[in-house]
$ cat final.txt   # compact mmCIF, C-alpha atoms and all ligand atoms
# COMPACT_ATOMS: atom_id res chain seq x y z
CA MET T 1 175.37 104.18 50.02
CA VAL T 2 173.57 105.42 53.13
CA LYS T 3 171.87 102.07 53.42
CA ASP T 4 175.23 100.29 53.16
CA LYS T 5 176.63 102.44 55.94
CA ASP T 6 173.66 101.66 58.17
CA GLU T 7 173.99 98.00 57.39
CA ILE T 8 177.67 97.86 58.31
CA ARG T 9 177.06 99.86 61.49
CA GLU T 10 174.35 97.39 62.47
CA LYS T 11 176.75 94.53 61.90
CA PHE T 12 179.39 96.14 64.15
CA GLU T 13 176.78 96.65 66.88
CA GLN T 14 175.54 93.07 66.58
CA VAL T 15 179.05 91.61 66.83
CA ALA T 16 179.69 93.85 69.85
CA ARG T 17 176.52 92.57 71.55
CA TRP T 18 177.59 89.00 70.92
CA ILE T 19 181.02 89.70 72.43
CA ILE T 20 179.37 91.23 75.51
CA ASP T 21 177.02 88.23 75.89
CA SER T 22 179.69 85.66 75.18
CA GLU T 23 181.42 83.63 77.85
CA ARG T 24 184.08 82.27 75.54
CA THR T 25 185.13 84.28 72.54
CA VAL T 26 187.84 82.81 70.33
CA VAL T 27 189.50 85.11 67.81
CA PHE T 28 191.19 83.42 64.88
CA VAL T 29 193.58 85.50 62.76
CA GLY T 30 195.51 85.08 59.53
CA ALA T 31 197.93 86.86 57.23
CA GLY T 32 195.46 89.65 56.40
CA LEU T 33 195.94 91.03 59.90
CA SER T 34 199.71 91.25 59.46
CA THR T 35 199.55 92.86 56.02
CA GLU T 36 197.64 95.73 57.63
CA SER T 37 200.75 96.21 59.77
CA GLY T 38 202.90 96.37 56.65
CA ILE T 39 204.20 92.79 56.75
CA PRO T 40 204.10 91.37 53.22
CA ASP T 41 202.05 88.20 52.75
CA PHE T 42 204.70 85.79 51.55
CA ARG T 43 202.18 83.93 49.41
CA SER T 44 201.06 86.99 47.44
CA PRO T 45 202.52 88.02 44.06
CA GLY T 46 205.84 89.79 44.52
CA GLY T 47 206.32 87.87 47.78
CA VAL T 48 209.44 85.94 48.59
CA TRP T 49 208.19 82.82 46.83
CA ASP T 50 208.59 84.59 43.50
CA ARG T 51 212.33 84.75 44.17
CA TYR T 52 212.84 81.48 46.03
CA ASN T 53 211.81 77.94 45.23
CA PRO T 54 209.59 76.55 48.01
CA GLU T 55 211.05 73.09 47.44
CA ASP T 56 214.36 74.34 48.77
CA PHE T 57 212.71 74.98 52.09
CA TYR T 58 211.32 71.60 53.04
CA PHE T 59 212.21 70.66 56.58
CA GLN T 60 213.80 67.41 55.40
CA ASN T 61 216.20 69.40 53.20
CA PHE T 62 217.00 71.76 56.03
CA LEU T 63 217.99 68.77 58.17
CA SER T 64 220.06 67.05 55.51
CA SER T 65 221.82 69.76 53.53
CA GLU T 66 224.10 72.63 54.45
CA ALA T 67 223.26 74.31 51.12
CA SER T 68 219.53 74.22 51.97
CA ARG T 69 220.19 75.66 55.41
CA GLU T 70 222.13 78.50 53.84
CA LYS T 71 219.27 79.30 51.41
CA TYR T 72 216.75 79.00 54.20
CA TRP T 73 218.57 81.45 56.45
CA LYS T 74 219.03 83.93 53.59
CA MET T 75 215.28 83.95 52.94
CA SER T 76 214.36 83.88 56.61
CA ALA T 77 216.65 86.82 57.40
CA GLU T 78 215.03 88.79 54.60
CA MET T 79 211.51 88.04 55.89
CA TYR T 80 212.41 88.88 59.45
CA GLU T 81 213.40 92.51 58.87
CA PRO T 82 209.89 93.91 58.07
CA MET T 83 208.45 91.77 60.90
CA LYS T 84 210.81 93.20 63.45
CA LYS T 85 209.92 96.76 62.47
CA ALA T 86 206.15 96.16 62.25
CA GLN T 87 203.80 97.64 64.83
CA PRO T 88 200.44 96.26 65.94
CA ASN T 89 197.48 97.83 64.12
CA LEU T 90 194.01 98.77 65.40
CA ALA T 91 192.79 95.18 65.16
CA HIS T 92 195.70 93.86 67.26
CA MET T 93 195.02 96.62 69.78
CA ALA T 94 191.31 95.74 69.88
CA ILE T 95 192.10 92.07 70.51
CA ALA T 96 194.51 93.03 73.31
CA GLU T 97 191.81 95.24 74.81
CA MET T 98 189.31 92.37 74.65
CA GLU T 99 191.70 90.47 76.93
CA SER T 100 191.94 93.32 79.42
CA LEU T 101 188.13 93.60 79.44
CA GLY T 102 187.90 89.87 80.22
CA LYS T 103 186.21 89.23 76.86
CA LEU T 104 188.83 87.02 75.20
CA ASP T 105 189.18 83.28 75.67
CA CYS T 106 192.16 83.13 73.33
CA VAL T 107 193.51 84.24 70.00
CA ILE T 108 194.57 81.51 67.59
CA THR T 109 197.04 82.90 65.07
CA GLN T 110 198.53 81.64 61.83
CA ASN T 111 201.02 84.52 61.92
CA ILE T 112 204.61 84.24 63.12
CA ASP T 113 205.33 87.92 63.78
CA GLY T 114 204.63 88.17 67.52
CA LEU T 115 202.43 91.25 67.05
CA HIS T 116 199.79 90.12 69.57
CA PHE T 117 202.44 90.28 72.28
CA LYS T 118 203.58 93.71 71.13
CA ALA T 119 199.92 94.79 71.36
CA GLY T 120 199.73 93.58 74.96
CA ASN T 121 198.16 90.12 74.87
CA SER T 122 199.62 87.77 77.47
CA GLU T 123 201.43 84.49 76.85
CA GLY T 124 198.56 82.23 77.91
CA LYS T 125 196.06 83.91 75.58
CA VAL T 126 197.88 83.42 72.28
CA ILE T 127 198.07 80.11 70.42
CA GLU T 128 200.67 80.31 67.65
CA LEU T 129 199.72 77.57 65.19
CA HIS T 130 202.67 78.11 62.89
CA GLY T 131 205.22 78.94 65.57
CA THR T 132 207.08 82.21 65.86
CA ALA T 133 209.88 83.94 63.96
CA MET T 134 210.80 85.86 67.10
CA SER T 135 212.94 83.08 68.56
CA VAL T 136 215.42 80.47 67.34
CA SER T 137 216.11 76.98 68.68
CA CYS T 138 218.74 74.30 68.31
CA LEU T 139 217.16 71.34 66.54
CA ARG T 140 219.38 68.90 68.46
CA CYS T 141 219.36 70.03 72.11
CA GLY T 142 216.51 72.56 72.07
CA LYS T 143 218.55 75.48 73.42
CA LYS T 144 216.78 78.79 72.73
CA TYR T 145 218.44 81.81 71.16
CA ASP T 146 217.43 85.43 70.80
CA ARG T 147 216.43 86.10 67.21
CA ASP T 148 218.01 89.53 67.09
CA GLN T 149 221.40 88.19 68.17
CA ILE T 150 221.33 85.53 65.43
CA GLN T 151 220.14 88.13 62.93
CA GLU T 152 223.09 90.35 63.83
CA ARG T 153 225.55 87.48 63.24
CA LEU T 154 223.96 86.80 59.84
CA ARG T 155 224.24 90.45 58.96
CA LYS T 156 227.96 90.28 59.72
CA GLY T 157 228.38 87.49 57.19
CA LEU T 158 227.58 84.22 59.00
CA LYS T 159 225.77 81.91 56.54
CA VAL T 160 224.38 79.18 58.81
CA PRO T 161 224.19 79.45 62.61
CA TYR T 162 224.96 76.43 64.80
CA CYS T 163 224.43 75.75 68.50
CA GLU T 164 227.26 76.91 70.74
CA ASP T 165 226.68 73.95 73.07
CA CYS T 166 226.16 70.95 70.79
CA ARG T 167 226.88 72.24 67.25
CA GLY T 168 223.34 71.27 66.16
CA PRO T 169 221.71 73.38 63.43
CA LEU T 170 219.70 76.40 64.60
CA LYS T 171 216.31 77.19 63.09
CA PRO T 172 213.66 79.86 63.76
CA ASP T 173 210.76 78.47 65.81
CA THR T 174 208.40 78.56 62.83
CA ILE T 175 206.73 75.56 61.21
CA SER T 176 208.34 74.84 57.83
CA PHE T 177 206.97 72.92 54.88
CA GLY T 178 207.13 69.23 55.73
CA GLN T 179 207.40 69.90 59.45
CA PRO T 180 204.52 68.57 61.55
CA MET T 181 202.13 71.09 63.08
CA PRO T 182 202.91 71.67 66.78
CA GLU T 183 200.87 69.02 68.57
CA LYS T 184 200.09 70.88 71.77
CA GLU T 185 199.05 74.11 70.02
CA THR T 186 196.95 72.36 67.38
CA GLU T 187 195.12 70.28 69.98
CA GLU T 188 194.55 73.31 72.16
CA ALA T 189 193.24 75.33 69.21
CA TYR T 190 190.75 72.61 68.27
CA HIS T 191 189.64 72.26 71.86
CA ARG T 192 189.09 76.01 72.32
CA SER T 193 187.23 76.15 69.00
CA SER T 194 184.92 73.33 70.03
CA VAL T 195 183.91 74.83 73.39
CA CYS T 196 183.63 78.52 72.50
CA ASP T 197 180.29 80.27 71.97
CA LEU T 198 181.62 82.97 69.62
CA PHE T 199 184.28 82.47 66.95
CA ILE T 200 185.59 85.55 65.14
CA VAL T 201 187.78 85.13 62.08
CA ILE T 202 189.92 88.16 61.20
CA GLY T 203 192.06 88.47 58.08
CA SER T 204 192.18 84.83 57.06
CA SER T 205 191.11 83.46 53.69
CA LEU T 206 190.45 80.13 55.47
CA VAL T 207 192.05 78.01 52.77
CA VAL T 208 195.08 76.58 54.60
CA GLN T 209 194.46 73.40 56.61
CA PRO T 210 194.07 72.56 59.42
CA ALA T 211 193.26 76.17 60.26
CA ALA T 212 190.40 76.29 57.79
CA SER T 213 188.47 73.60 59.64
CA MET T 214 188.41 75.42 62.98
CA PRO T 215 185.44 77.70 62.17
CA LEU T 216 183.57 74.54 61.14
CA VAL T 217 184.36 72.89 64.46
CA ALA T 218 183.13 75.98 66.31
CA LYS T 219 179.96 76.26 64.26
CA ARG T 220 179.15 72.57 64.54
CA ASN T 221 179.34 72.86 68.33
CA GLY T 222 176.86 75.72 68.42
CA ALA T 223 179.09 78.81 68.39
CA ARG T 224 178.21 81.94 66.48
CA LEU T 225 180.57 82.58 63.62
CA VAL T 226 181.73 86.03 62.50
CA ILE T 227 184.05 86.46 59.51
CA LEU T 228 185.89 89.73 58.95
CA ASN T 229 188.07 89.52 55.86
CA ARG T 230 188.90 91.64 52.83
CA ASP T 231 187.79 88.94 50.38
CA PRO T 232 185.10 86.23 50.45
CA THR T 233 186.07 82.93 52.12
CA PRO T 234 184.79 79.36 51.65
CA CYS T 235 183.13 79.63 55.09
CA ASP T 236 181.12 82.80 54.41
CA GLU T 237 177.94 80.87 53.71
CA MET T 238 177.74 79.32 57.14
CA ALA T 239 178.76 82.46 59.02
CA ASP T 240 176.22 84.42 61.08
CA ILE T 241 177.79 87.71 60.06
CA VAL T 242 180.27 88.39 57.27
CA ILE T 243 182.06 91.73 56.98
CA HIS T 244 184.22 92.36 53.94
CA GLY T 245 186.67 95.14 54.69
CA GLN T 246 189.75 96.22 56.56
CA ALA T 247 190.26 94.55 59.92
CA GLY T 248 191.73 97.52 61.80
CA PRO T 249 188.93 100.10 61.51
CA ALA T 250 186.23 97.41 61.79
CA MET T 251 187.63 95.94 65.01
CA ALA T 252 188.12 99.44 66.44
CA SER T 253 184.42 100.22 65.84
CA ILE T 254 183.30 96.89 67.24
CA LEU T 255 185.38 97.41 70.38
CA GLU T 256 184.03 100.91 70.87
CA ASN T 257 180.54 99.41 70.87
CA VAL T 258 181.62 96.71 73.32
CA LYS T 259 182.94 99.33 75.75
CA LYS T 260 179.78 101.41 75.46
CA GLY T 261 177.69 98.33 76.16
CA LEU T 262 179.75 97.21 79.13
CA LYS T 263 179.39 100.53 80.95
ZN ZN T 301 222.26 72.52 70.77
$ encode --input "final.txt" --output "structure tokens" --more "lines below"
Ligand SMILES: [Zn+2]
Amino acid sequence: MVKDKDEIREKFEQVARWIIDSERTVVFVGAGLSTESGIPDFRSPGGVWDRYNPEDFYFQNFLSSEASREKYWKMSAEMYEPMKKAQPNLAHMAIAEMESLGKLDCVITQNIDGLHFKAGNSEGKVIELHGTAMSVSCLRCGKKYDRDQIQERLRKGLKVPYCEDCRGPLKPDTISFGQPMPEKETEEAYHRSSVCDLFIVIGSSLVVQPAASMPLVAKRNGARLVILNRDPTPCDEMADIVIHGQAGPAMASILENVKKGLK
């Protein structure tokens, strides 16, 4: 056990040294980071997909059927509540602190919960690959709506919200099944991955595409690759350091080492 402890401490110190030496650190995060803030992973057993049929939620159906829109909003409203209440955890705080120390190129996130902003990261530093549940837009004219206001109307009994200007259907700004990935964000994420010198994966099982290919892009272009995840991932073998454990405490330790080293 003592040896294990030493080994993990050495890993934290090594990652910290790499962050200090790095000119472009990209942090890539997945659902595991949000679950540590109490947001259920919707793909896990007991998640919403046990109670809803994913086929009802294809973007095409949302566009074409009022009944689909109603089901979608029922599910979406249910998923939003724990997200709204959630607070950033130690890993989110560490990533925000990396930005304030000038040690973060960007964070690429698969999450839709806006927790990086709650932690203090700024707009230009966060690339949301799957959009955000924190805002709502009209699919016809693009008008933006505050999520909480829409949520309040749903709570009062509204089934499907429509745009007050053009009567187009409103939808949260998340990427649904069958909806193309956001072009600008995806391109930007690939670009940042290809030019970084350190790529740190936190809380992602790296199985969903295109996200899963980003560590490969980074590695192929000469970046160091660090993977911090509860379970093994398909990319573990090519990583320079793999840490299996909780993201929050690990990132807090790594950041402590970074601050000591920067003094
Ligand atoms: Zn509209």
$ residues_near_ligand --input "final.txt" --ligand "ligand ZN 301 (chain T)" --cutoff "9 Å" --atoms "all atoms listed in the file" --output "PDB file with C-alpha atoms, keeping the file's coordinate frame"
ATOM      1  CA  SER T 137     216.110  76.980  68.680  1.00  0.00           C
ATOM      2  CA  CYS T 138     218.740  74.300  68.310  1.00  0.00           C
ATOM      3  CA  LEU T 139     217.160  71.340  66.540  1.00  0.00           C
ATOM      4  CA  ARG T 140     219.380  68.900  68.460  1.00  0.00           C
ATOM      5  CA  CYS T 141     219.360  70.030  72.110  1.00  0.00           C
ATOM      6  CA  GLY T 142     216.510  72.560  72.070  1.00  0.00           C
ATOM      7  CA  LYS T 143     218.550  75.480  73.420  1.00  0.00           C
ATOM      8  CA  LYS T 144     216.780  78.790  72.730  1.00  0.00           C
ATOM      9  CA  TYR T 162     224.960  76.430  64.800  1.00  0.00           C
ATOM     10  CA  CYS T 163     224.430  75.750  68.500  1.00  0.00           C
ATOM     11  CA  GLU T 164     227.260  76.910  70.740  1.00  0.00           C
ATOM     12  CA  ASP T 165     226.680  73.950  73.070  1.00  0.00           C
ATOM     13  CA  CYS T 166     226.160  70.950  70.790  1.00  0.00           C
ATOM     14  CA  ARG T 167     226.880  72.240  67.250  1.00  0.00           C
ATOM     15  CA  GLY T 168     223.340  71.270  66.160  1.00  0.00           C
ATOM     16  CA  PRO T 169     221.710  73.380  63.430  1.00  0.00           C
ATOM     17  CA  LEU T 170     219.700  76.400  64.600  1.00  0.00           C
TER      18      LEU T 170
END
$ closest_residue --input "final.txt" --among "T:Leu104, T:Ala133, T:Ile8, T:Leu90" --to "Asp148 (chain T)" --atoms "all atoms listed in the file"
T:Ala133
$ atom_distance --input "final.txt" --atom1 "CA of His92 (chain T)" --atom2 "CA of Ile20 (chain T)"
18.5 Å
$ closest_residue --input "final.txt" --among "T:Trp73, T:Ile108, T:Thr132, T:Glu10" --to "Tyr190 (chain T)" --atoms "only C-alpha atoms"
T:Ile108
$ atom_distance --input "final.txt" --atom1 "CA of Ser204 (chain T)" --atom2 "CA of Arg224 (chain T)"
17.1 Å
$ residues_around --input "final.txt" --residues "region 250-260 of chain T" --least-positions-apart "5" --cutoff "7 Å" --atoms "only C-alpha atoms" --output "count of residues only"
9
